[in-house]
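Comments concern the structure below.
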Amino acid sequence: MILHRVLGMALVGTMLSLPAQAQEDTRRVASTALCGDQLLLTLLPPARIAALSAQAVDPGLSDAAARAQGLPVLPADAEGFLWAGADIVVGSDRGDSQTLSLLRRLGVTVVRMPPTNSFTEAMEQLRSVSTVLGVAEGGQALASDNEQQLARLLAERPADPPLAAYYRPDGGSSGQGTFMNEALTFGGYRNLAAEVGQSGWGRLDLETLVLHPPAALITAYFDRPGWSLRHKFSHHPLFRRLAASRPTIALPGSLVACSGWPLIKGIAFLAAARPPAGDHHD
């Protein structure tokens with residue numbers, strides 16, 4: 001045991017004496033949730049990915065699902081991550097806090113990626129997490145590219161943005177202070193829920209929709225089979241009649257399931273689908 005320890009220390013000393021470019025980061029990383037999955041799949045080589053969440057391989061939720069094929073998928077379980085050889089675990093703080101706390105006590109580096117509700121926060125998070133993972137340069141490049149894309153989209157925002165109502169199948173929507181509100185704003189829309197004073201995530205009732213008819217409806221997850229029991233709102237005759245009378249933009253769930261940089265693609269999608277200026281409905 002002592003001999004192994006001495007040899008290990010000698011090896012570390014040799015590695016530290018190597019030129020910086022020769023010290024490749026080989027730490028293996030696991031993720032407990034979607035946003036972490038997409039970060040790993042975008043910035044890390046497959047050999048460094050110890051495990052992903054089940055959401056990583058779902059093309060309806062992950063824009064990087066194709067790159068996840070063939071990689072290990074595990075539930076958010078401390079024992080599983082340890083067996084997978086994870087040196088770092090990226091977690092969301094939603095339902096995985098106990099697992100992350102246990103892993104930290106066992107000596108695993110834990111990186112928390114709570115949901116963000118502004119692109120400023122999202123880019124700061126991208127830069128900080130990529131630094132911990134040893135890919136600061138890649139994270140910086142990705143953040144800078146997304147900031148440039150966002151600046152271009154903002155420059156194309158119309159002077160009189162159309163009013164839009166965002167809905168999930170259960171009637172849920174997003175008001176002020178949410179990443180979807182930012183996405184709609186940067187995509188060149190006025191968000192109905194925010195305009196009527198709603199904050200956070202909640203329902204946007206049919207009465208509000210009738211009293212404030214939008215120029216467009218923006219929907220997400222309406223094609224998810226797992227939401228079948230929650231589709232009652234979307235099947236309401238009044239909602240269906242309103243949806244048939246104006247542009248309805250089906251936003252792919254894979255572009256809005258994560259509040260970080262993948263949402264930039266969602267904004268570009270919304271901007272491209274935006275109704276022409278002056279095409280407003282009464």
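To be explicit about the labels: the chains of the structure tokens are called A, B, and onward in the order shown, and within each one the residues are counted from 1, while ligands get numbers from 1 in the order they are shown.
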
- Please give the complete set of residues from segment 161-269 of chain A that DSSP, run on the backbone, assigns to strand (DSSP E), formatted as a list in words.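 Filtering segment 161-269 of chain A to strand (DSSP E) leaves Leu163, Ala164, Ala165, Tyr166, Tyr167, Gly172, Ser173, Ser174, Arg190, Asn191, Trp201, Gly202, Arg203, Ala216, Leu217, Ile218, Thr219, Ala220, Thr248, Ile249, Ala250 and Leu251 of chain A.
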
**Prompt:** Skipping near chain neighbours, those fewer than 3 positions away, what residues fall within 10 Å of segment 55-58 of chain A using only C-alpha atoms, listed as a PyMOL selection string?
**Reply:** chain A and resi 31-38+41+51-52+61-71+73+254

- Give the alpha helix (DSSP H) residues of segment 21-230 of chain A, as DSSP finds them on the backbone, and put them as a ChimeraX atom specification. /A:34-43,65-68,78-83,97-105,119-132,136-155,179-186,192-195,206-211

#### Entry: Leu184 of chain A environment, 9 Å, only C-alpha atoms, sequence neighbours closer than 5 positions dropped, as a ChimeraX atom specification
/A:164,166,179,189-191,267,270-271

Test item: residues at most 8 Å from Leu192 of chain A, only C-alpha atoms, excluding those fewer than 5 positions along its chain, as a ChimeraX atom specification: /A:163-166,175,212,214

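Computed from the coordinates, the atom CA of Arg274 of chain A to atom CA of Ala183 of chain A distance equals 12.7 Å.
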
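Residues in contact range of Asp93 of chain A, defined as at most 8 Å between only C-alpha atoms, with sequence neighbours fewer than 5 positions away removed, read Arg112, Met113 and Pro114 of chain A.
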
Create the file for the chosen residues now, containing N, CA and C atoms and written as a PDB file, in the first residue's frame.
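Result file selection.pdb:
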ATOM      1  N   ARG A 112     -23.469  22.585  -9.061  1.00  0.00           N
ATOM      2  CA  ARG A 112     -24.917  22.801  -9.103  1.00  0.00           C
ATOM      3  C   ARG A 112     -25.273  23.765 -10.235  1.00  0.00           C
ATOM      4  N   MET A 113     -26.283  23.380 -11.022  1.00  0.00           N
ATOM      5  CA  MET A 113     -26.777  24.204 -12.125  1.00  0.00           C
ATOM      6  C   MET A 113     -28.272  24.464 -11.938  1.00  0.00           C
ATOM      7  N   PRO A 114     -28.636  25.321 -10.996  1.00  0.00           N
ATOM      8  CA  PRO A 114     -30.064  25.625 -10.824  1.00  0.00           C
ATOM      9  C   PRO A 114     -30.606  26.340 -12.061  1.00  0.00           C
TER      10      PRO A 114
END

### Message
Applying 10 Å and only C-alpha atoms, which residues near Gln125 of chain A remain after dropping the ones on its own chain fewer than 6 positions away? List them as a PyMOL selection string.
### Response
chain A and resi 112-116+119+131+139+143+260-261

Atomic separation - atom CA of Ser144 of chain A relative to atom CA of Ala220 of chain A, Å =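 Computed distance, atom CA of Ala220 of chain A to atom CA of Ser144 of chain A, equals 27.5 Å.
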
Near Ile88 of chain A, within 7 Å and counting only C-alpha atoms, which residues show up once chain neighbours fewer than 5 positions away are dropped, as a list in words?
Arg28, Val29, Ala30, Val108, Thr109 and Val110 of chain A

**Item:** Pairwise distance for atom CA of Ser199 of chain A and atom CA of Leu251 of chain A, rounded to one decimal in Å
**Value:**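 Going from atom CA of Ser199 of chain A over to atom CA of Leu251 of chain A covers 21.3 Å.
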
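In terms of minimum interatomic distance to Gly202 of chain A, A:Arg168 ranks closest within A:Arg127, A:Arg168, A:His235, A:Arg94, counting only C-alpha atoms.
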
Across A:Ala250, A:Val210, A:Ala136, A:Leu40, the smallest distance to Val90 of chain A, with only C-alpha atoms counted, is shown by A:Leu40

Go through A:Gln198, A:Arg203, A:Arg157, A:Ser259 and flag the residue nearest Thr120 of chain A, using only C-alpha atoms for the distances.
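For Thr120 of chain A, the nearest of the candidates is A:Ser259.
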
Self-check item: Nearest residue to Leu39 of chain A from the set A:Asp25, A:Gly172, A:Ser128, A:Ser97 (distances using only C-alpha atoms)
Solution: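 Closest to Leu39 of chain A of all the choices is A:Ser128.
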
Between A:Glu137, A:Glu24, A:Asp145, A:Glu195, smallest distance to Pro162 of chain A by only C-alpha atoms belongs to A:Glu195

Ala194 of chain A proximity check over A:Leu133, A:Ala273, A:Met180, A:Leu74, using only C-alpha atoms: winner is A:Met180
